[in-house]
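Source file: my_file.txt (compact mmCIF, C-alpha atoms)
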```txt
# COMPACT_ATOMS: atom_id res chain seq x y z
CA MET A 1 0.00 0.00 0.00
CA TYR A 2 1.32 3.43 -0.96
CA GLN A 3 1.49 6.21 1.63
CA LEU A 4 2.74 9.18 -0.39
CA ALA A 5 1.10 12.11 1.37
CA GLU A 6 3.05 14.87 -0.38
CA LEU A 7 2.45 13.46 -3.85
CA GLN A 8 -1.22 12.94 -3.03
CA LYS A 9 -1.60 16.60 -2.08
CA TYR A 10 -0.32 17.58 -5.52
CA LEU A 11 -2.46 15.07 -7.42
CA LYS A 12 -5.69 16.19 -5.74
CA ARG A 13 -5.55 19.34 -7.91
CA ILE A 14 -5.26 17.44 -11.20
CA ASN A 15 -7.75 15.88 -13.60
CA ALA A 16 -5.77 12.95 -15.01
CA GLY A 17 -7.92 12.70 -18.15
CA HIS A 18 -7.02 9.47 -19.94
CA LEU A 19 -4.58 7.75 -17.57
CA LEU A 20 -2.05 4.98 -18.24
CA ASP A 21 -0.17 3.28 -15.41
CA VAL A 22 2.85 1.42 -16.84
CA ALA A 23 4.19 -1.72 -15.10
CA THR A 24 1.12 -1.61 -12.90
CA GLY A 25 2.10 -4.83 -11.12
CA GLU A 26 -0.53 -5.86 -8.57
CA GLY A 27 -2.26 -2.49 -8.82
CA ASP A 28 -1.18 -0.76 -5.60
CA PHE A 29 0.05 2.45 -7.23
CA LEU A 30 -2.86 2.55 -9.66
CA LEU A 31 -5.30 2.30 -6.74
CA PHE A 32 -3.42 5.12 -5.00
CA LEU A 33 -3.73 7.24 -8.18
CA LEU A 34 -7.45 6.62 -8.58
CA GLU A 35 -7.99 7.73 -5.00
CA SER A 36 -5.68 10.76 -5.34
CA PHE A 37 -6.44 12.54 -8.64
CA SER A 38 -9.34 14.98 -8.46
CA SER A 39 -10.89 13.09 -11.39
CA PHE A 40 -10.07 10.98 -14.44
CA ASP A 41 -11.85 10.10 -17.68
CA SER A 42 -10.42 6.61 -18.17
CA ALA A 43 -7.70 4.46 -16.61
CA THR A 44 -5.55 1.67 -18.04
CA GLY A 45 -3.10 -0.55 -16.18
CA LEU A 46 -0.43 -2.22 -18.31
CA ASP A 47 1.89 -5.00 -17.18
CA ILE A 48 3.91 -7.74 -18.86
CA ASN A 49 2.78 -10.36 -16.31
CA PRO A 50 -0.82 -11.62 -16.70
CA GLU A 51 -0.86 -12.97 -13.12
CA ASN A 52 -0.13 -9.48 -11.79
CA LEU A 53 -3.03 -8.13 -13.85
CA LYS A 54 -5.45 -10.65 -12.32
CA ILE A 55 -4.46 -9.54 -8.82
CA ALA A 56 -4.71 -5.86 -9.82
CA ARG A 57 -8.16 -6.36 -11.31
CA ASN A 58 -9.43 -7.90 -8.07
CA LYS A 59 -7.78 -5.18 -5.99
CA ILE A 60 -9.25 -2.29 -7.99
CA GLY A 61 -12.72 -3.78 -7.66
CA ARG A 62 -15.66 -2.09 -9.37
CA GLN A 63 -13.89 1.03 -10.56
CA LYS A 64 -13.86 1.21 -14.34
CA VAL A 65 -10.30 0.34 -15.31
CA ASP A 66 -8.95 -1.50 -18.35
CA PHE A 67 -6.08 -3.95 -17.84
CA LEU A 68 -3.79 -4.87 -20.70
CA GLN A 69 -0.80 -7.17 -21.01
CA GLY A 70 2.07 -5.43 -22.79
CA ASN A 71 5.70 -4.33 -22.87
CA VAL A 72 6.80 -0.76 -22.12
CA ARG A 73 9.16 -0.74 -25.11
CA ARG A 74 6.31 -1.65 -27.50
CA LEU A 75 3.30 0.14 -26.07
CA PRO A 76 0.21 -0.92 -28.07
CA PHE A 77 -1.22 2.59 -28.42
CA GLU A 78 -1.23 5.34 -31.02
CA ASP A 79 1.00 8.39 -30.67
CA ASN A 80 -0.32 11.18 -28.41
CA TYR A 81 -2.99 8.95 -26.85
CA PHE A 82 -2.92 9.56 -23.07
CA ASP A 83 -3.18 12.74 -20.99
CA THR A 84 -1.31 11.30 -18.00
CA ILE A 85 1.19 8.43 -17.76
CA THR A 86 2.59 7.06 -14.51
CA VAL A 87 5.23 4.51 -13.54
CA SER A 88 6.19 3.61 -9.98
CA ASN A 89 9.17 1.67 -8.61
CA SER A 90 9.72 0.03 -11.99
CA LEU A 91 12.49 1.91 -13.80
CA HIS A 92 15.01 -0.41 -12.15
CA HIS A 93 13.19 -3.34 -13.81
CA PHE A 94 13.79 -1.93 -17.30
CA GLY A 95 17.02 -2.89 -19.08
CA ASN A 96 17.06 0.51 -20.79
CA PRO A 97 15.08 2.99 -18.67
CA VAL A 98 15.82 5.91 -21.01
CA LYS A 99 14.24 4.08 -23.95
CA ALA A 100 11.32 3.08 -21.72
CA ILE A 101 10.64 6.72 -20.80
CA GLN A 102 10.89 7.77 -24.45
CA SER A 103 8.38 5.04 -25.34
CA MET A 104 5.97 6.45 -22.76
CA LEU A 105 6.46 9.96 -24.14
CA ARG A 106 5.47 8.73 -27.61
CA VAL A 107 1.95 7.90 -26.43
CA LEU A 108 1.61 10.99 -24.21
CA ILE A 109 -0.12 14.05 -25.65
CA PRO A 110 1.84 17.32 -26.02
CA GLY A 111 1.53 19.05 -22.68
CA GLY A 112 0.64 15.74 -21.02
CA LEU A 113 1.93 14.78 -17.58
CA LEU A 114 4.44 12.00 -16.89
CA ILE A 115 4.85 10.95 -13.25
CA ILE A 116 7.81 8.82 -12.19
CA ASN A 117 7.87 7.55 -8.61
CA GLU A 118 10.98 5.64 -7.56
CA MET A 119 12.71 4.46 -4.40
CA ILE A 120 16.26 5.71 -3.87
CA ASN A 121 19.10 4.11 -1.94
CA GLU A 122 20.43 7.05 0.09
CA HIS A 123 20.14 8.17 3.75
CA LEU A 124 18.62 4.87 4.88
CA ASN A 125 17.81 4.16 8.50
CA PRO A 126 18.25 0.57 9.84
CA ALA A 127 14.66 -0.40 9.00
CA GLN A 128 15.10 0.91 5.45
CA HIS A 129 18.43 -0.91 5.15
CA ALA A 130 16.58 -4.13 5.92
CA HIS A 131 14.12 -3.41 3.10
CA PHE A 132 16.97 -2.41 0.77
CA ASP A 133 18.79 -5.70 1.49
CA TYR A 134 15.57 -7.61 0.82
CA HIS A 135 15.10 -5.81 -2.47
CA SER A 136 18.74 -6.37 -3.46
CA LEU A 137 18.39 -10.10 -2.76
CA LYS A 138 15.22 -10.25 -4.84
CA ALA A 139 16.95 -8.40 -7.68
CA GLU A 140 19.85 -10.86 -7.67
CA ILE A 141 17.52 -13.88 -7.66
CA ASP A 142 15.41 -12.43 -10.49
CA THR A 143 18.56 -11.78 -12.53
CA ALA A 144 19.97 -15.25 -11.79
CA SER A 145 16.63 -16.67 -12.97
CA GLY A 146 17.02 -14.96 -16.35
CA GLY A 147 15.12 -11.72 -15.80
CA TYR A 148 16.32 -8.14 -15.48
CA HIS A 149 16.16 -6.51 -12.07
CA ARG A 150 18.82 -4.20 -10.70
CA LYS A 151 19.24 -2.62 -7.28
CA ILE A 152 17.42 0.66 -6.73
CA TYR A 153 19.04 3.88 -7.95
CA SER A 154 20.72 6.72 -6.15
CA LEU A 155 19.09 10.11 -6.65
CA GLN A 156 21.94 11.15 -8.94
CA GLU A 157 21.50 8.04 -11.11
CA LEU A 158 17.76 8.68 -11.34
CA GLN A 159 18.30 12.33 -12.29
CA GLU A 160 20.75 11.28 -15.01
CA ILE A 161 18.19 8.90 -16.51
CA ILE A 162 15.62 11.70 -16.55
CA ARG A 163 18.10 14.06 -18.22
CA GLU A 164 19.10 11.52 -20.90
CA SER A 165 15.45 10.85 -21.73
CA GLY A 166 14.96 14.52 -22.58
CA LEU A 167 12.58 15.24 -19.73
CA VAL A 168 12.71 18.48 -17.76
CA PRO A 169 11.12 17.95 -14.32
CA ALA A 170 8.49 20.52 -13.40
CA VAL A 171 8.08 19.29 -9.82
CA THR A 172 10.15 16.95 -7.66
CA ILE A 173 8.48 15.63 -4.52
CA THR A 174 10.20 13.91 -1.62
CA ASN A 175 7.62 11.97 0.33
CA GLU A 176 7.71 11.56 4.07
CA ASP A 177 8.73 8.11 5.20
CA PRO A 178 5.90 5.67 6.02
CA PRO A 179 5.76 4.28 9.56
CA ILE A 180 8.30 1.61 10.50
CA ILE A 181 6.57 -1.76 10.69
CA TYR A 182 7.13 -3.70 13.92
CA SER A 183 3.92 -5.75 13.90
CA HIS A 184 4.57 -9.47 14.43
CA GLU A 185 1.70 -10.28 12.05
CA LYS A 186 3.13 -8.08 9.29
CA MET A 187 6.61 -9.50 9.87
CA TRP A 188 5.25 -13.05 9.63
CA GLN A 189 3.54 -12.22 6.33
CA PHE A 190 6.75 -10.68 5.01
CA PHE A 191 8.87 -13.62 6.16
CA HIS A 192 6.44 -16.07 4.53
CA LYS A 193 6.71 -14.15 1.27
CA LEU A 194 10.51 -14.12 1.55
CA ASP A 195 10.61 -17.88 2.25
CA ASP A 196 8.45 -18.63 -0.79
CA PHE A 197 10.64 -16.48 -3.00
CA VAL A 198 13.91 -18.03 -1.80
CA SER A 199 12.56 -21.61 -1.93
CA ASN A 200 11.94 -21.14 -5.65
CA ALA A 201 15.61 -20.14 -6.07
CA ILE A 202 17.24 -22.92 -4.04
CA HIS A 203 18.07 -24.82 -7.26
CA LEU A 204 20.16 -21.92 -8.58
CA PRO A 205 23.99 -21.99 -8.29
CA ASN A 206 23.87 -19.52 -5.36
CA GLY A 207 20.72 -21.00 -3.86
CA LEU A 208 22.22 -21.75 -0.45
CA VAL A 209 23.82 -18.31 -0.30
CA PHE A 210 20.44 -16.73 -1.08
CA GLU A 211 18.89 -18.78 1.74
CA GLN A 212 21.54 -17.64 4.22
CA ARG A 213 21.08 -14.00 3.23
CA ALA A 214 17.31 -14.31 3.65
CA GLN A 215 17.84 -15.51 7.22
CA GLN A 216 20.14 -12.53 7.92
CA ILE A 217 17.48 -10.17 6.56
CA LYS A 218 14.87 -11.73 8.87
CA GLU A 219 17.16 -11.15 11.84
CA MET A 220 17.66 -7.50 10.82
CA ILE A 221 13.91 -6.99 10.55
CA GLN A 222 13.22 -8.59 13.93
CA VAL A 223 15.61 -6.08 15.53
CA ASN A 224 14.90 -2.93 13.49
CA GLY A 225 11.49 -3.44 11.86
CA PHE A 226 11.21 -2.68 8.15
CA GLN A 227 10.31 0.34 6.09
CA LYS A 228 10.44 1.27 2.42
CA PRO A 229 13.41 3.44 1.37
CA PRO A 230 12.70 7.10 0.53
CA GLN A 231 10.57 7.62 -2.58
CA ILE A 232 11.01 10.49 -5.01
CA GLY A 233 8.18 11.67 -7.25
CA ILE A 234 9.23 13.41 -10.48
CA LEU A 235 6.54 15.16 -12.50
CA ALA A 236 7.29 16.42 -16.00
CA TYR A 237 5.22 17.75 -18.87
CA LYS A 238 5.82 16.72 -22.48
CA ASP A 239 6.92 19.56 -24.78
```

Same coordinates, now as structure tokens:
Amino acid sequence: MYQLAELQKYLKRINAGHLLDVATGEGDFLLFLLESFSSFDSATGLDINPENLKIARNKIGRQKVDFLQGNVRRLPFEDNYFDTITVSNSLHHFGNPVKAIQSMLRVLIPGGLLIINEMINEHLNPAQHAHFDYHSLKAEIDTASGGYHRKIYSLQELQEIIRESGLVPAVTITNEDPPIIYSHEKMWQFFHKLDDFVSNAIHLPNGLVFEQRAQQIKEMIQVNGFQKPPQIGILAYKD
């Protein structure tokens, strides 16, 4: 669940028009958007994984949203199609994030709004370090399994990607950190998810190493709790 209070304040003033959420995953950010924009005319969630789309569809419920399987580099839409395009915590999943942003700009109308929300890896407290280590482990397992998933960017790396894509940010929003999670129930759910993920990687060459690192992450979380790293929202308008 997204808790981006500062970004939400900004979005409440905006009619999103025809909205596309790229790499929508299980729909958490899209749900946040639908509850945050002042209004929207239509909404589409696009993801490469059909299982993610099923979960997102159930999560969104009765709100009128279209879900479409597709790749960010080959967006199945005409040029200048959407008024607003969003992508959250997904640039680090794209092998070429600059090309991905340029693909999104192709289907965004002139003057349309592109919103990029991304975690960054700087100024982490112990609870955020635990989350960062979890994410880094997941990235390594995904890559070892044949996918592309890198560790999250520094702010400077993210700014360089934005610059290379040709975007000029109009607004940059640093969101306040969400509460640190200490709940035993939440920890158990997180540990169960971590165990499932690592068990599917035990056959890989570094499977035992991954298992050991997962146990170390659990121990860190039991001591410090866990919390998402800082998230930066970058809003830019297409020329």

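Closest approach to Pro97 in chain A from the set A:Gln159, A:Gln222, A:Gln63, A:Asn175 is made by A:Gln159, with distances taken over all atoms listed in the file.
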
Between CA of Ala236 in chain A and CA of Gly111 in chain A, what distance in Å does the model show, to one decimal?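 Separating CA of Ala236 in chain A from CA of Gly111 in chain A is a distance of 9.2 Å.
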
Between CA of Ser36 in chain A and CA of Gln8 in chain A - distance in Å to one decimal: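 These atoms are spaced 5.5 Å apart.
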
Find the residues near range 145-147 of chain A: any atom within 12 Å, counting all atoms listed in the file, skip ones fewer than 6 places away on the same chain, and give them as a list in words.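 So the residues in contact are His92, His93, Phe94, Gly95, Lys138, Ala139, Phe197, Val198, Asn200, Ala201, Ile202, His203, Leu204, Pro205, Asn206 and Gly207 of chain A.
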
Limited to C-alpha atoms, could you put the picked residues into a file as a PDB file, in the coordinates of the input?
```
ATOM      1  CA  HIS A  92      15.010  -0.410 -12.150  1.00  0.00           C
ATOM      2  CA  HIS A  93      13.190  -3.340 -13.810  1.00  0.00           C
ATOM      3  CA  PHE A  94      13.790  -1.930 -17.300  1.00  0.00           C
ATOM      4  CA  GLY A  95      17.020  -2.890 -19.080  1.00  0.00           C
ATOM      5  CA  LYS A 138      15.220 -10.250  -4.840  1.00  0.00           C
ATOM      6  CA  ALA A 139      16.950  -8.400  -7.680  1.00  0.00           C
ATOM      7  CA  PHE A 197      10.640 -16.480  -3.000  1.00  0.00           C
ATOM      8  CA  VAL A 198      13.910 -18.030  -1.800  1.00  0.00           C
ATOM      9  CA  ASN A 200      11.940 -21.140  -5.650  1.00  0.00           C
ATOM     10  CA  ALA A 201      15.610 -20.140  -6.070  1.00  0.00           C
ATOM     11  CA  ILE A 202      17.240 -22.920  -4.040  1.00  0.00           C
ATOM     12  CA  HIS A 203      18.070 -24.820  -7.260  1.00  0.00           C
ATOM     13  CA  LEU A 204      20.160 -21.920  -8.580  1.00  0.00           C
ATOM     14  CA  PRO A 205      23.990 -21.990  -8.290  1.00  0.00           C
ATOM     15  CA  ASN A 206      23.870 -19.520  -5.360  1.00  0.00           C
ATOM     16  CA  GLY A 207      20.720 -21.000  -3.860  1.00  0.00           C
TER      17      GLY A 207
END
```

For the interface of range 126-170 of chain A with range 82-91 of chain A (cut-off 12 Å, counting all atoms listed in the file), please tabulate each contacting residue of range 126-170 of chain A alongside its nearest pair of atoms and their separation in Å to one decimal, rows sorted by chain and increasing number, as a Markdown table.
```
| residue | atom | partner | partner_atom | distance |
| --- | --- | --- | --- | --- |
| A:His135 | CA | A:Asn89 | CA | 11.3 |
| A:Ala139 | CA | A:Ser90 | CA | 11.9 |
| A:Tyr148 | CA | A:Leu91 | CA | 10.9 |
| A:His149 | CA | A:Ser90 | CA | 9.2 |
| A:Arg150 | CA | A:Leu91 | CA | 9.3 |
| A:Lys151 | CA | A:Leu91 | CA | 10.4 |
| A:Ile152 | CA | A:Asn89 | CA | 8.5 |
| A:Tyr153 | CA | A:Leu91 | CA | 9.0 |
| A:Glu157 | CA | A:Leu91 | CA | 11.2 |
| A:Leu158 | CA | A:Leu91 | CA | 8.9 |
| A:Ile161 | CA | A:Leu91 | CA | 9.4 |
| A:Ile162 | CA | A:Leu91 | CA | 10.6 |
```

Counting only C-alpha atoms, I want the residues whose atoms come within 6 Å of (4.7, -3.0, -16.9) in the file frame, returned as a list in words.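 Output: Val22, Ala23, Thr24, Leu46, Asp47 and Ile48 of chain A.
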
Separation of CA of Val72 in chain A from CA of Asn49 in chain A, in Å and rounded to one decimal: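 Taking CA of Val72 in chain A and CA of Asn49 in chain A, their separation equals 11.9 Å.
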
Write out as a list in words each polymer residue whose atoms come within 8 Å of Ala43 in chain A, counting all atoms listed in the file; drop sequence neighbours fewer than 3 positions from it. His18, Leu19, Leu20, Asp21, Phe40, Lys64, Val65 and Asp66 of chain A

Top pick for closest residue to Ala144 in chain A, considering A:Ser199, A:Phe210, A:Leu108, A:Glu122 and counting only C-alpha atoms: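 Of the candidates, the smallest distance to Ala144 in chain A is held by A:Phe210.
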